[in-house]
$ cat data34.txt   # compact mmCIF, C-alpha atoms and all ligand atoms
# COMPACT_ATOMS: atom_id res chain seq x y z
CA MET G 1 107.60 70.54 99.00
CA THR G 2 109.32 73.95 98.83
CA GLU G 3 107.98 76.63 101.12
CA VAL G 4 106.51 79.86 99.81
CA VAL G 5 106.97 82.86 102.08
CA VAL G 6 104.63 85.83 101.77
CA LEU G 7 105.85 89.13 103.22
CA GLY G 8 102.94 91.31 104.38
CA GLY G 9 99.43 90.30 105.35
CA GLY G 10 97.27 92.95 103.66
CA LEU G 11 94.76 92.04 100.94
CA ALA G 12 97.43 91.02 98.43
CA GLY G 13 99.50 88.91 100.84
CA ALA G 14 96.60 87.32 102.71
CA GLY G 15 94.74 86.69 99.43
CA ALA G 16 97.72 84.91 97.89
CA ALA G 17 98.46 82.92 101.06
CA SER G 18 94.86 81.82 101.19
CA LEU G 19 94.82 80.65 97.56
CA LEU G 20 98.17 78.89 97.79
CA ALA G 21 97.29 77.11 101.03
CA SER G 22 93.97 75.96 99.69
CA ALA G 23 95.80 74.45 96.69
CA GLY G 24 97.92 72.41 99.12
CA GLN G 25 101.04 74.59 98.90
CA LYS G 26 103.15 74.96 102.04
CA VAL G 27 102.97 78.69 102.78
CA ARG G 28 104.14 80.97 105.55
CA LEU G 29 103.00 84.60 105.91
CA LEU G 30 104.87 87.24 107.91
CA GLU G 31 102.91 90.28 109.06
CA ARG G 32 104.41 93.17 110.98
CA GLU G 33 101.32 94.09 113.00
CA ALA G 34 100.50 91.87 115.96
CA GLY G 35 96.73 92.24 115.64
CA PRO G 36 93.85 93.82 113.69
CA HIS G 37 94.64 97.38 112.62
CA HIS G 38 93.21 100.27 110.62
CA LYS G 39 94.76 101.36 107.30
CA VAL G 40 94.59 104.55 105.28
CA CYS G 41 91.98 103.72 102.64
CA GLY G 42 88.70 105.06 101.25
CA GLU G 43 87.22 101.63 102.08
CA PHE G 44 85.21 101.64 98.86
CA LEU G 45 85.03 98.04 97.64
CA SER G 46 84.40 98.03 93.90
CA VAL G 47 82.52 95.24 92.18
CA GLU G 48 85.80 93.89 90.80
CA ALA G 49 87.25 93.67 94.32
CA GLN G 50 84.07 91.92 95.50
CA GLN G 51 84.29 89.41 92.65
CA ASP G 52 87.93 88.65 93.37
CA LEU G 53 87.20 88.25 97.09
CA ALA G 54 84.44 85.80 96.15
CA ARG G 55 86.92 83.85 94.00
CA ILE G 56 89.26 83.69 96.96
CA GLY G 57 86.34 82.50 99.06
CA LEU G 58 85.58 85.36 101.45
CA ASP G 59 81.95 85.92 102.41
CA LEU G 60 81.52 89.70 102.53
CA ALA G 61 77.87 89.58 103.57
CA GLN G 62 78.93 88.14 106.93
CA LEU G 63 81.23 91.10 107.62
CA GLY G 64 78.46 93.72 107.66
CA ALA G 65 79.49 95.65 104.54
CA VAL G 66 77.04 98.40 103.50
CA PRO G 67 75.88 98.85 99.89
CA ILE G 68 76.79 101.93 97.83
CA ASP G 69 75.02 102.46 94.54
CA ARG G 70 75.27 106.21 93.86
CA ILE G 71 78.12 108.66 93.41
CA ARG G 72 77.97 112.38 94.20
CA LEU G 73 80.66 114.70 92.96
CA VAL G 74 80.96 118.00 94.84
CA SER G 75 83.14 120.98 93.97
CA GLY G 76 82.55 124.28 95.76
CA ARG G 77 78.78 124.84 95.78
CA ARG G 78 78.26 122.72 92.68
CA GLU G 79 77.34 119.07 92.84
CA ALA G 80 76.10 116.27 90.60
CA GLU G 81 74.81 112.81 91.43
CA ALA G 82 74.44 109.65 89.35
CA PRO G 83 73.88 105.93 89.82
CA LEU G 84 77.05 103.86 89.94
CA PRO G 85 77.30 101.30 87.14
CA PHE G 86 77.56 98.60 89.88
CA THR G 87 76.81 98.18 93.58
CA ALA G 88 79.94 98.84 95.61
CA LEU G 89 80.35 98.14 99.32
CA GLY G 90 81.67 100.15 102.25
CA LEU G 91 83.63 98.11 104.78
CA SER G 92 86.36 98.87 107.31
CA ARG G 93 89.79 97.56 106.26
CA LYS G 94 90.37 96.51 109.85
CA LEU G 95 87.58 93.96 109.47
CA LEU G 96 88.27 93.02 105.87
CA ASP G 97 92.03 92.42 106.12
CA GLU G 98 91.61 90.50 109.35
CA ALA G 99 88.95 88.24 107.82
CA LEU G 100 91.23 87.44 104.88
CA LEU G 101 94.16 86.67 107.18
CA GLU G 102 91.93 84.38 109.24
CA LEU G 103 90.85 82.63 106.06
CA ALA G 104 94.49 82.07 105.06
CA GLY G 105 95.20 80.56 108.49
CA ALA G 106 92.09 78.39 108.39
CA ARG G 107 93.20 77.01 105.03
CA GLY G 108 96.55 75.94 106.38
CA ALA G 109 98.86 78.92 105.82
CA LYS G 110 101.21 79.51 108.75
CA VAL G 111 100.38 83.11 109.66
CA GLU G 112 103.01 84.76 111.88
CA ARG G 113 101.91 88.07 113.42
CA GLY G 114 104.17 90.71 114.93
CA VAL G 115 107.06 89.70 112.64
CA ARG G 116 108.77 92.60 110.86
CA VAL G 117 110.75 91.91 107.72
CA THR G 118 113.95 93.94 107.93
CA GLN G 119 115.82 92.94 104.78
CA VAL G 120 115.61 90.84 101.65
CA ASN G 121 118.81 89.63 100.04
CA GLY G 122 118.17 87.38 97.04
CA ASN G 123 115.90 84.74 98.52
CA LYS G 124 117.21 85.28 102.05
CA VAL G 125 114.76 87.09 104.31
CA SER G 126 115.81 88.71 107.60
CA THR G 127 113.11 89.44 110.15
CA SER G 128 112.73 90.64 113.73
CA HIS G 129 112.38 86.94 114.62
CA GLY G 130 115.27 85.44 112.63
CA ASP G 131 116.20 84.60 109.03
CA CYS G 132 114.71 82.23 106.46
CA LYS G 133 115.44 81.09 102.89
CA PRO G 134 112.17 80.26 101.15
CA GLY G 135 111.82 78.46 97.83
CA GLN G 136 109.65 81.31 96.51
CA LEU G 137 109.17 84.83 97.80
CA LEU G 138 106.04 86.95 97.48
CA LEU G 139 106.53 90.60 98.45
CA ALA G 140 103.27 92.22 99.58
CA THR G 141 104.31 94.87 102.09
CA GLY G 142 102.05 97.54 100.57
CA LYS G 143 103.44 101.04 100.24
CA HIS G 144 106.33 100.20 102.55
CA ASP G 145 109.56 99.20 100.83
CA VAL G 146 111.76 96.56 102.39
CA ARG G 147 115.54 97.04 102.50
CA GLY G 148 117.18 95.08 99.70
CA ALA G 149 113.98 94.96 97.60
CA LYS G 150 113.11 98.61 97.11
CA ARG G 151 110.87 99.59 94.23
CA ALA G 152 112.42 101.61 91.42
CA ALA G 153 111.85 105.37 91.88
CA PRO G 154 108.11 106.01 91.77
CA PRO G 155 106.63 108.64 89.41
CA ASP G 156 106.33 112.32 90.29
CA GLU G 157 102.89 111.80 91.80
CA SER G 158 104.53 110.90 95.11
CA ALA G 159 103.74 114.42 96.30
CA PHE G 160 100.48 113.32 97.97
CA VAL G 161 99.59 112.62 101.58
CA GLY G 162 96.61 110.48 102.60
CA PHE G 163 94.60 110.70 105.84
CA LYS G 164 91.80 108.59 107.22
CA MET G 165 89.41 109.11 110.10
CA HIS G 166 86.19 107.36 111.12
CA PHE G 167 83.30 109.44 112.48
CA GLN G 168 80.13 108.64 114.37
CA LEU G 169 77.26 110.42 112.62
CA ASP G 170 73.96 111.85 113.70
CA LEU G 171 70.81 110.22 112.32
CA ARG G 172 70.20 112.90 109.67
CA THR G 173 73.71 112.72 108.15
CA ARG G 174 73.62 108.94 108.29
CA ALA G 175 70.37 108.92 106.29
CA GLU G 176 71.76 111.44 103.80
CA LEU G 177 74.85 109.30 103.14
CA GLU G 178 73.06 105.97 102.84
CA GLY G 179 73.97 104.25 99.55
CA LEU G 180 76.27 107.11 98.53
CA ILE G 181 79.95 107.73 97.87
CA GLU G 182 80.66 111.46 97.98
CA LEU G 183 83.78 112.79 96.32
CA VAL G 184 84.46 116.36 97.40
CA ILE G 185 87.06 118.06 95.23
CA PHE G 186 88.91 121.10 96.63
CA GLU G 187 92.04 122.97 95.65
CA GLY G 188 95.04 120.70 96.14
CA GLY G 189 93.14 117.52 96.91
CA TYR G 190 89.90 115.67 97.42
CA ALA G 191 87.94 113.78 100.05
CA GLY G 192 86.00 110.52 99.85
CA LEU G 193 83.11 110.19 102.30
CA GLN G 194 81.00 107.09 102.73
CA LEU G 195 79.47 104.81 105.34
CA VAL G 196 81.51 101.73 106.32
CA SER G 197 78.83 100.43 108.67
CA PRO G 198 75.29 101.68 109.35
CA GLU G 199 76.61 104.17 111.98
CA VAL G 200 80.17 105.00 110.92
CA MET G 201 81.45 107.27 108.14
CA ASN G 202 84.94 107.04 106.72
CA LEU G 203 86.61 110.26 105.65
CA CYS G 204 89.62 109.70 103.41
CA LEU G 205 91.53 112.86 102.46
CA ILE G 206 94.15 112.97 99.73
CA VAL G 207 96.06 116.24 99.59
CA ARG G 208 99.11 117.57 97.86
CA ARG G 209 101.95 118.05 100.30
CA THR G 210 102.07 121.75 99.32
CA ARG G 211 98.39 122.17 100.23
CA LEU G 212 98.99 120.52 103.60
CA ALA G 213 101.94 122.84 104.27
CA GLU G 214 99.85 125.91 103.33
CA ALA G 215 97.17 124.83 105.79
CA GLY G 216 99.69 124.58 108.65
CA GLY G 217 101.18 121.13 108.15
CA ASP G 218 98.95 118.93 110.29
CA TRP G 219 95.56 117.25 110.31
CA THR G 220 93.84 119.69 112.71
CA ALA G 221 94.95 122.71 110.70
CA LEU G 222 94.07 121.02 107.42
CA LEU G 223 90.59 120.08 108.60
CA ALA G 224 89.99 123.58 109.95
CA SER G 225 91.04 125.04 106.60
CA LEU G 226 88.62 122.73 104.82
CA MET G 227 85.58 123.69 106.89
CA ASP G 228 84.79 126.44 104.39
CA THR G 229 84.30 123.69 101.78
CA PRO G 230 80.50 123.27 101.92
CA GLY G 231 80.57 119.59 100.90
CA LEU G 232 82.79 118.76 103.87
CA ALA G 233 81.40 121.17 106.47
CA ARG G 234 77.89 119.75 106.19
CA ARG G 235 79.18 116.23 106.95
CA LEU G 236 81.71 117.09 109.65
CA ASP G 237 79.90 119.78 111.65
CA ASP G 238 78.27 117.38 114.12
CA ALA G 239 80.37 114.29 113.44
CA ARG G 240 82.32 112.72 116.32
CA PRO G 241 85.83 111.40 115.50
CA LEU G 242 86.34 107.79 116.56
CA PHE G 243 90.15 107.69 116.61
CA SER G 244 92.32 109.83 118.90
CA LYS G 245 94.28 110.90 115.81
CA PRO G 246 93.91 110.20 112.10
CA LEU G 247 95.90 107.62 110.21
CA ALA G 248 98.27 109.20 107.72
CA ILE G 249 100.52 108.04 104.91
CA SER G 250 102.84 110.03 102.67
CA GLY G 251 104.87 109.45 99.52
CA LEU G 252 102.02 107.87 97.57
CA PRO G 253 103.43 106.61 94.24
CA TYR G 254 100.27 107.05 92.20
CA GLY G 255 100.61 105.68 88.68
CA TYR G 256 103.38 103.24 89.58
CA VAL G 257 103.59 99.96 87.64
CA CYS G 258 106.54 97.72 88.48
CA GLN G 259 109.12 97.31 85.70
CA GLN G 260 111.77 95.60 87.82
CA SER G 261 112.80 92.09 86.89
CA ASP G 262 114.11 90.04 89.77
CA ASP G 263 113.24 86.73 91.39
CA ILE G 264 110.47 88.13 93.57
CA TYR G 265 106.74 88.05 92.91
CA ARG G 266 105.65 91.59 93.82
CA LEU G 267 101.99 91.92 94.77
CA GLY G 268 99.51 94.72 95.53
CA ASP G 269 100.97 98.19 95.97
CA GLN G 270 104.44 96.69 95.54
CA ALA G 271 103.42 95.86 91.96
CA ALA G 272 101.19 98.78 90.97
CA MET G 273 99.34 101.70 92.46
CA THR G 274 96.32 103.30 90.86
CA ALA G 275 94.74 106.69 91.60
CA SER G 276 92.67 106.48 94.78
CA LEU G 277 89.94 108.60 93.18
CA THR G 278 88.57 105.59 91.32
CA GLY G 279 88.54 103.19 94.31
CA ASP G 280 90.02 100.17 92.53
CA GLY G 281 93.35 99.73 94.36
CA MET G 282 92.02 96.85 96.43
CA ALA G 283 90.88 95.13 93.23
CA ILE G 284 94.41 95.43 91.84
CA ALA G 285 95.87 93.99 95.06
CA LEU G 286 93.47 91.05 94.95
CA ARG G 287 93.97 90.46 91.23
CA SER G 288 97.73 90.38 91.77
CA ALA G 289 97.17 87.76 94.50
CA ILE G 290 95.14 85.58 92.12
CA ILE G 291 97.57 85.88 89.22
CA ALA G 292 100.65 85.40 91.43
CA SER G 293 99.28 82.27 93.10
CA GLU G 294 98.39 80.80 89.71
CA CYS G 295 101.93 81.53 88.53
CA VAL G 296 103.58 80.07 91.65
CA LEU G 297 101.50 76.90 91.40
CA SER G 298 102.26 76.47 87.70
CA GLU G 299 105.95 77.32 88.25
CA THR G 300 105.67 80.36 86.00
CA PRO G 301 108.64 82.68 86.70
CA PRO G 302 108.21 86.08 88.42
CA GLU G 303 109.15 87.96 85.22
CA VAL G 304 106.26 86.35 83.27
CA TYR G 305 103.93 87.06 86.20
CA ARG G 306 105.05 90.70 86.27
CA LYS G 307 104.31 91.18 82.57
CA ARG G 308 100.95 89.44 82.86
CA LEU G 309 99.91 91.63 85.78
CA ALA G 310 101.13 94.80 84.04
CA LEU G 311 99.03 93.96 80.97
CA THR G 312 95.96 93.54 83.19
CA VAL G 313 96.31 96.69 85.28
CA THR G 314 98.10 99.29 83.15
CA PRO G 315 95.07 100.45 81.09
CA GLN G 316 93.03 100.96 84.29
CA ILE G 317 95.84 102.86 85.95
CA ARG G 318 96.35 105.16 82.94
CA ARG G 319 92.64 106.07 82.79
CA ALA G 320 92.44 106.50 86.57
CA MET G 321 95.49 108.78 86.63
CA TRP G 322 94.07 110.83 83.78
CA LEU G 323 90.79 111.35 85.68
CA GLN G 324 92.62 112.19 88.92
CA ARG G 325 94.65 114.85 87.10
CA MET G 326 91.51 116.27 85.42
CA ALA G 327 89.83 116.60 88.81
CA GLU G 328 92.69 118.86 89.89
CA VAL G 329 91.93 121.47 87.20
CA PRO G 330 89.39 123.96 88.64
CA LEU G 331 88.19 125.18 85.23
CA LEU G 332 87.48 121.62 84.08
CA MET G 333 85.55 120.88 87.26
CA ALA G 334 83.55 124.08 86.81
CA LEU G 335 82.56 122.87 83.33
CA ALA G 336 82.13 119.19 84.21
CA LEU G 337 79.80 119.58 87.20
CA PRO G 338 76.95 121.31 85.30
CA ALA G 339 77.40 118.77 82.46
CA PHE G 340 77.17 115.85 84.92
CA ARG G 341 74.16 117.47 86.56
CA TYR G 342 72.39 117.86 83.23
CA ALA G 343 73.40 114.38 82.01
CA PRO G 344 74.10 112.09 85.03
CA GLY G 345 74.78 109.26 82.59
CA LEU G 346 78.12 110.96 81.80
CA LEU G 347 79.20 110.66 85.44
CA SER G 348 78.16 106.99 85.52
CA LYS G 349 80.20 106.49 82.32
CA ALA G 350 83.25 108.17 83.87
CA ALA G 351 82.96 105.80 86.86
CA ALA G 352 82.62 102.78 84.53
CA MET G 353 85.60 103.87 82.45
CA THR G 354 88.14 103.30 85.18
CA ARG G 355 87.35 99.73 86.19
CA LEU G 356 89.74 96.82 86.19
CA PRO G 357 88.49 94.21 83.69
CA SER G 358 86.28 91.67 85.48
CA GLN G 359 87.41 88.06 85.43
CA PRO G 360 85.09 85.10 85.05
CA THR G 361 83.82 83.83 88.39
CA GLY G 362 84.94 80.43 89.71
CA PRO G 363 88.35 79.09 90.62
CA ALA G 364 91.40 80.86 89.26
CA ARG G 365 92.95 79.52 86.06
CA GLY G 366 95.80 77.04 86.04
CA THR G 367 95.20 75.65 89.51
CA GLY G 368 92.71 72.85 88.82
CA SER G 369 88.95 73.06 89.19
CA THR G 370 88.72 72.35 92.91
CA ALA G 371 92.04 73.61 94.18
CA LEU G 372 90.84 77.12 94.94
CA ALA G 373 87.31 76.38 96.07
CA PRO G 374 86.59 77.60 99.59
CA ARG G 375 86.85 74.90 102.20
C1 LIG O 1 94.53 107.41 100.46
C2 LIG O 1 94.17 106.11 99.83
C3 LIG O 1 92.84 105.76 99.63
C4 LIG O 1 92.51 104.54 99.04
N1 LIG O 1 91.20 104.23 98.86
C5 LIG O 1 90.86 103.06 98.25
C6 LIG O 1 89.51 102.70 98.08
O1 LIG O 1 88.58 103.39 98.52
N2 LIG O 1 89.24 101.55 97.40
C7 LIG O 1 90.22 100.73 96.93
O2 LIG O 1 89.91 99.71 96.32
N3 LIG O 1 91.52 101.04 97.13
C8 LIG O 1 91.86 102.17 97.78
N4 LIG O 1 93.18 102.46 98.01
C9 LIG O 1 94.21 101.49 97.60
C10 LIG O 1 94.33 100.34 98.60
O3 LIG O 1 94.28 100.79 99.93
C11 LIG O 1 95.66 99.61 98.36
O4 LIG O 1 95.88 99.48 97.00
C12 LIG O 1 95.65 98.23 99.02
O5 LIG O 1 95.57 98.36 100.42
C13 LIG O 1 96.93 97.47 98.68
O6 LIG O 1 96.96 96.24 99.38
P1 LIG O 1 98.34 95.58 99.75
O7 LIG O 1 98.01 94.25 100.33
O8 LIG O 1 99.27 95.68 98.62
O9 LIG O 1 98.96 96.52 100.89
P2 LIG O 1 98.48 96.78 102.37
O10 LIG O 1 97.03 96.63 102.51
O11 LIG O 1 99.09 98.08 102.76
O12 LIG O 1 99.16 95.61 103.20
C14 LIG O 1 100.54 95.53 103.41
C15 LIG O 1 100.78 94.76 104.69
O13 LIG O 1 102.17 94.52 104.86
C16 LIG O 1 102.52 94.75 106.19
N5 LIG O 1 103.94 95.15 106.22
C17 LIG O 1 104.48 96.31 105.76
N6 LIG O 1 105.80 96.31 105.94
C18 LIG O 1 106.12 95.13 106.52
C19 LIG O 1 107.34 94.55 106.96
N7 LIG O 1 108.49 95.18 106.84
N8 LIG O 1 107.30 93.32 107.52
C20 LIG O 1 106.12 92.63 107.65
N9 LIG O 1 104.93 93.15 107.25
C21 LIG O 1 104.93 94.38 106.69
C22 LIG O 1 101.60 95.86 106.67
O14 LIG O 1 101.44 95.86 108.08
C23 LIG O 1 100.31 95.50 105.93
O15 LIG O 1 99.43 94.71 106.69
C24 LIG O 1 93.53 103.66 98.62
C25 LIG O 1 94.88 104.00 98.83
C26 LIG O 1 95.19 105.20 99.44
C27 LIG O 1 96.64 105.54 99.67

$ encode --input "data34.txt" --output "structure tokens"
Amino acid sequence: MTEVVVLGGGLAGAGAASLLASAGQKVRLLEREAGPHHKVCGEFLSVEAQQDLARIGLDLAQLGAVPIDRIRLVSGRREAEAPLPFTALGLSRKLLDEALLELAGARGAKVERGVRVTQVNGNKVSTSHGDCKPGQLLLATGKHDVRGAKRAAPPDESAFVGFKMHFQLDLRTRAELEGLIELVIFEGGYAGLQLVSPEVMNLCLIVRRTRLAEAGGDWTALLASLMDTPGLARRLDDARPLFSKPLAISGLPYGYVCQQSDDIYRLGDQAAMTASLTGDGMAIALRSAIIASECVLSETPPEVYRKRLALTVTPQIRRAMWLQRMAEVPLLMALALPAFRYAPGLLSKAAAMTRLPSQPTGPARGTGSTALAPR
């Protein structure tokens, strides 16, 4: 049997390795990080992501995810709240990604931690621990390009920087945030605030590079400059940061959908990247894992896989990018907030508009009825 090698053990890579291994495929996964680690992410798990995780066989209830069923949009002193059209979950990526990697290993994938891929040349892979020549290659290294397999130039949206920090909250703020995702829009960016466990809040900040430079160029200066944003100040005043410094990532290629045709199955952020505002990037990563593993098992070439994935995700990404751009226009926000306040159904509709199409539950297509069932 030929060996499939998966590069990167995030949601896309671990999801695919898990599916392939459970179908009896010989699979090896190479992950740069030696152990569990945090990632820049809003940690908002949409219903589509939950459904795809269930199809892969991961039990989210066991991981202590917290439910989120309302959205609050805040801009300046204006705010509007509405029910979400689904129940989302808040969960730390450190827990989630690790659980999926463990599942892949338990199903028979050979998971190699602390192995950095340094170059891809055709189907030859060079790593910090030697070279290999797999039968099939799945590239799932997230936003990080690998030498020899770089993505084509991303769109102009790569001017954003993302930050993440976890905070311990006081009882009052914890109670106020229960069941809620708060999106605080400010000039040059926005923040997503939500609980990821009963005690811990995740703050994910997405700012234009120019806005960051204006604030002084670093996290401390940026945060200080944002404390006059009422929606943030009320949450951060008494919050205690849980990391010594925030996680940060730059060069975010929002709106990217892969057009490259080569012999590699590109998954997750290597294949497409939606606007973070709509919290469906994890769903895209997981969907790419499902479609790619179906294609590998049915010997469907990477080019057909790429087109199939693009058809699935492009409409979502277009709508999400449109909304993200609208949120950057102060006049539009000034008009939208009172409208959402008066008619919360409009805000729920906006949230529903940007979802990835749900797939039927049960094992993924093309792999046999029992092949993908959890063991
Ligand atoms: C600011 C921000 C906020 C977001 N918020 C949300 C949200 O709230 N909800 C949501 O659904 N989506 C969100 N997303 C999107 C989501 O985080 C990504 O789409 C998702 O993580 C993609 O998964 P992935 O497996 O492709 O990549 P990743 O999760 O990044 O995994 C890639 C893996 O590859 C490994 N790797 C990288 N390079 C190498 C190498 N050379 N060798 C070996 N291993 C390597 C990394 O260590 C990593 O484990 C957000 C994105 C950003 C930027």

$ residues_around --input "data34.txt" --residues "region 140-149 of chain G" --least-positions-apart "2" --cutoff "10 Å" --atoms "only C-alpha atoms" --output "ChimeraX atom specification"
/G:6-14,16,29-32,116-122,125-126,137-138,151-152,249-253,262,264-273,285,288-289

$ closest_residue --input "data34.txt" --among "G:Leu195, G:Ile71, G:Val304, G:Leu286" --to "ligand LIG 1 (chain O)" --atoms "all atoms listed in the file"
G:Leu286

$ closest_residue --input "data34.txt" --among "G:Ala104, G:Leu63, G:Val74, G:Cys204" --to "ligand LIG 1 (chain O)" --atoms "all atoms listed in the file"
G:Cys204

$ atom_distance --input "data34.txt" --atom1 "CA of Gly76 (chain G)" --atom2 "CA of Arg93 (chain G)"
29.6 Å

$ axis_aligned_box --input "data34.txt" --around "ligand LIG 1 (chain O)" --padding-each-side "3 Å" --output "JSON"
{"center_x": 98.5, "center_y": 100.0, "center_z": 102.2, "size_x": 25.9, "size_y": 20.8, "size_z": 17.8}

$ closest_residue --input "data34.txt" --among "G:Cys258, G:Leu58, G:Ala283, G:Leu96" --to "ligand LIG 1 (chain O)" --atoms "all atoms listed in the file"
G:Ala283

$ residues_around --input "data34.txt" --residues "region 343-359 of chain G" --least-positions-apart "4" --cutoff "7 Å" --atoms "all atoms listed in the file" --output "count of residues only"
13

$ closest_residue --input "data34.txt" --among "G:Arg208, G:Arg174, G:Lys245, G:Lys26" --to "ligand LIG 1 (chain O)" --atoms "all atoms listed in the file"
G:Arg208

$ atom_distance --input "data34.txt" --atom1 "CA of Thr220 (chain G)" --atom2 "CA of Leu331 (chain G)"
28.6 Å

$ closest_residue --input "data34.txt" --among "G:Gly114, G:Gly108, G:Gly42, G:Gly189" --to "ligand LIG 1 (chain O)" --atoms "only C-alpha atoms and all ligand atoms"
G:Gly42

$ atom_distance --input "data34.txt" --atom1 "atom O7 of ligand LIG 1 (chain O)" --atom2 "CA of Leu222 (chain G)"
28.0 Å

$ residues_near_point --input "data34.txt" --point "(72.0, 95.2, 93.6)" --cutoff "10 Å" --atoms "all atoms listed in the file" --output "list in words"
Pro67, Ile68, Asp69, Phe86, Thr87 and Ala88 of chain G

$ build_atoms --input "data34.txt" --residues "region 255-261 of chain G" --atoms "all heavy atoms" --output "JSON list (two decimals), in the frame of the given file"
[["chain", "number", "residue", "atom", "x", "y", "z"],
["G", 255, "GLY", "N", 100.24, 105.92, 90.08],
["G", 255, "GLY", "CA", 100.61, 105.68, 88.68],
["G", 255, "GLY", "C", 101.73, 104.67, 88.52],
["G", 255, "GLY", "O", 102.10, 104.32, 87.41],
["G", 256, "TYR", "N", 102.24, 104.16, 89.64],
["G", 256, "TYR", "CA", 103.38, 103.24, 89.58],
["G", 256, "TYR", "C", 102.97, 101.86, 89.04],
["G", 256, "TYR", "O", 101.97, 101.29, 89.46],
["G", 256, "TYR", "CB", 103.95, 103.09, 91.00],
["G", 256, "TYR", "CG", 104.99, 102.01, 91.15],
["G", 256, "TYR", "CD1", 106.29, 102.19, 90.67],
["G", 256, "TYR", "CD2", 104.69, 100.81, 91.78],
["G", 256, "TYR", "CE1", 107.25, 101.19, 90.82],
["G", 256, "TYR", "CE2", 105.64, 99.82, 91.94],
["G", 256, "TYR", "CZ", 106.91, 100.01, 91.45],
["G", 256, "TYR", "OH", 107.86, 99.04, 91.60],
["G", 257, "VAL", "N", 103.72, 101.37, 88.07],
["G", 257, "VAL", "CA", 103.59, 99.96, 87.64],
["G", 257, "VAL", "C", 105.00, 99.38, 87.61],
["G", 257, "VAL", "O", 105.88, 99.93, 86.95],
["G", 257, "VAL", "CB", 102.94, 99.83, 86.24],
["G", 257, "VAL", "CG1", 102.83, 98.36, 85.84],
["G", 257, "VAL", "CG2", 101.56, 100.47, 86.20],
["G", 258, "CYS", "N", 105.19, 98.28, 88.31],
["G", 258, "CYS", "CA", 106.54, 97.72, 88.48],
["G", 258, "CYS", "C", 107.16, 97.27, 87.14],
["G", 258, "CYS", "O", 106.51, 96.59, 86.35],
["G", 258, "CYS", "CB", 106.46, 96.52, 89.43],
["G", 258, "CYS", "SG", 108.05, 95.74, 89.68],
["G", 259, "GLN", "N", 108.38, 97.71, 86.91],
["G", 259, "GLN", "CA", 109.12, 97.31, 85.70],
["G", 259, "GLN", "C", 110.33, 96.46, 86.07],
["G", 259, "GLN", "O", 111.09, 96.06, 85.21],
["G", 259, "GLN", "CB", 109.65, 98.55, 84.95],
["G", 259, "GLN", "CG", 108.63, 99.63, 84.64],
["G", 259, "GLN", "CD", 107.74, 99.25, 83.47],
["G", 259, "GLN", "OE1", 108.09, 98.37, 82.71],
["G", 259, "GLN", "NE2", 106.58, 99.88, 83.36],
["G", 260, "GLN", "N", 110.55, 96.28, 87.37],
["G", 260, "GLN", "CA", 111.77, 95.60, 87.82],
["G", 260, "GLN", "C", 111.70, 94.11, 87.53],
["G", 260, "GLN", "O", 110.68, 93.48, 87.77],
["G", 260, "GLN", "CB", 111.89, 95.72, 89.34],
["G", 260, "GLN", "CG", 112.69, 96.89, 89.81],
["G", 260, "GLN", "CD", 112.27, 97.29, 91.20],
["G", 260, "GLN", "OE1", 111.19, 97.85, 91.40],
["G", 260, "GLN", "NE2", 113.10, 97.00, 92.17],
["G", 261, "SER", "N", 112.80, 93.55, 86.99],
["G", 261, "SER", "CA", 112.80, 92.09, 86.89],
["G", 261, "SER", "C", 113.79, 91.52, 87.89],
["G", 261, "SER", "O", 114.98, 91.84, 87.85],
["G", 261, "SER", "CB", 113.11, 91.64, 85.46],
["G", 261, "SER", "OG", 114.03, 92.49, 84.88]]
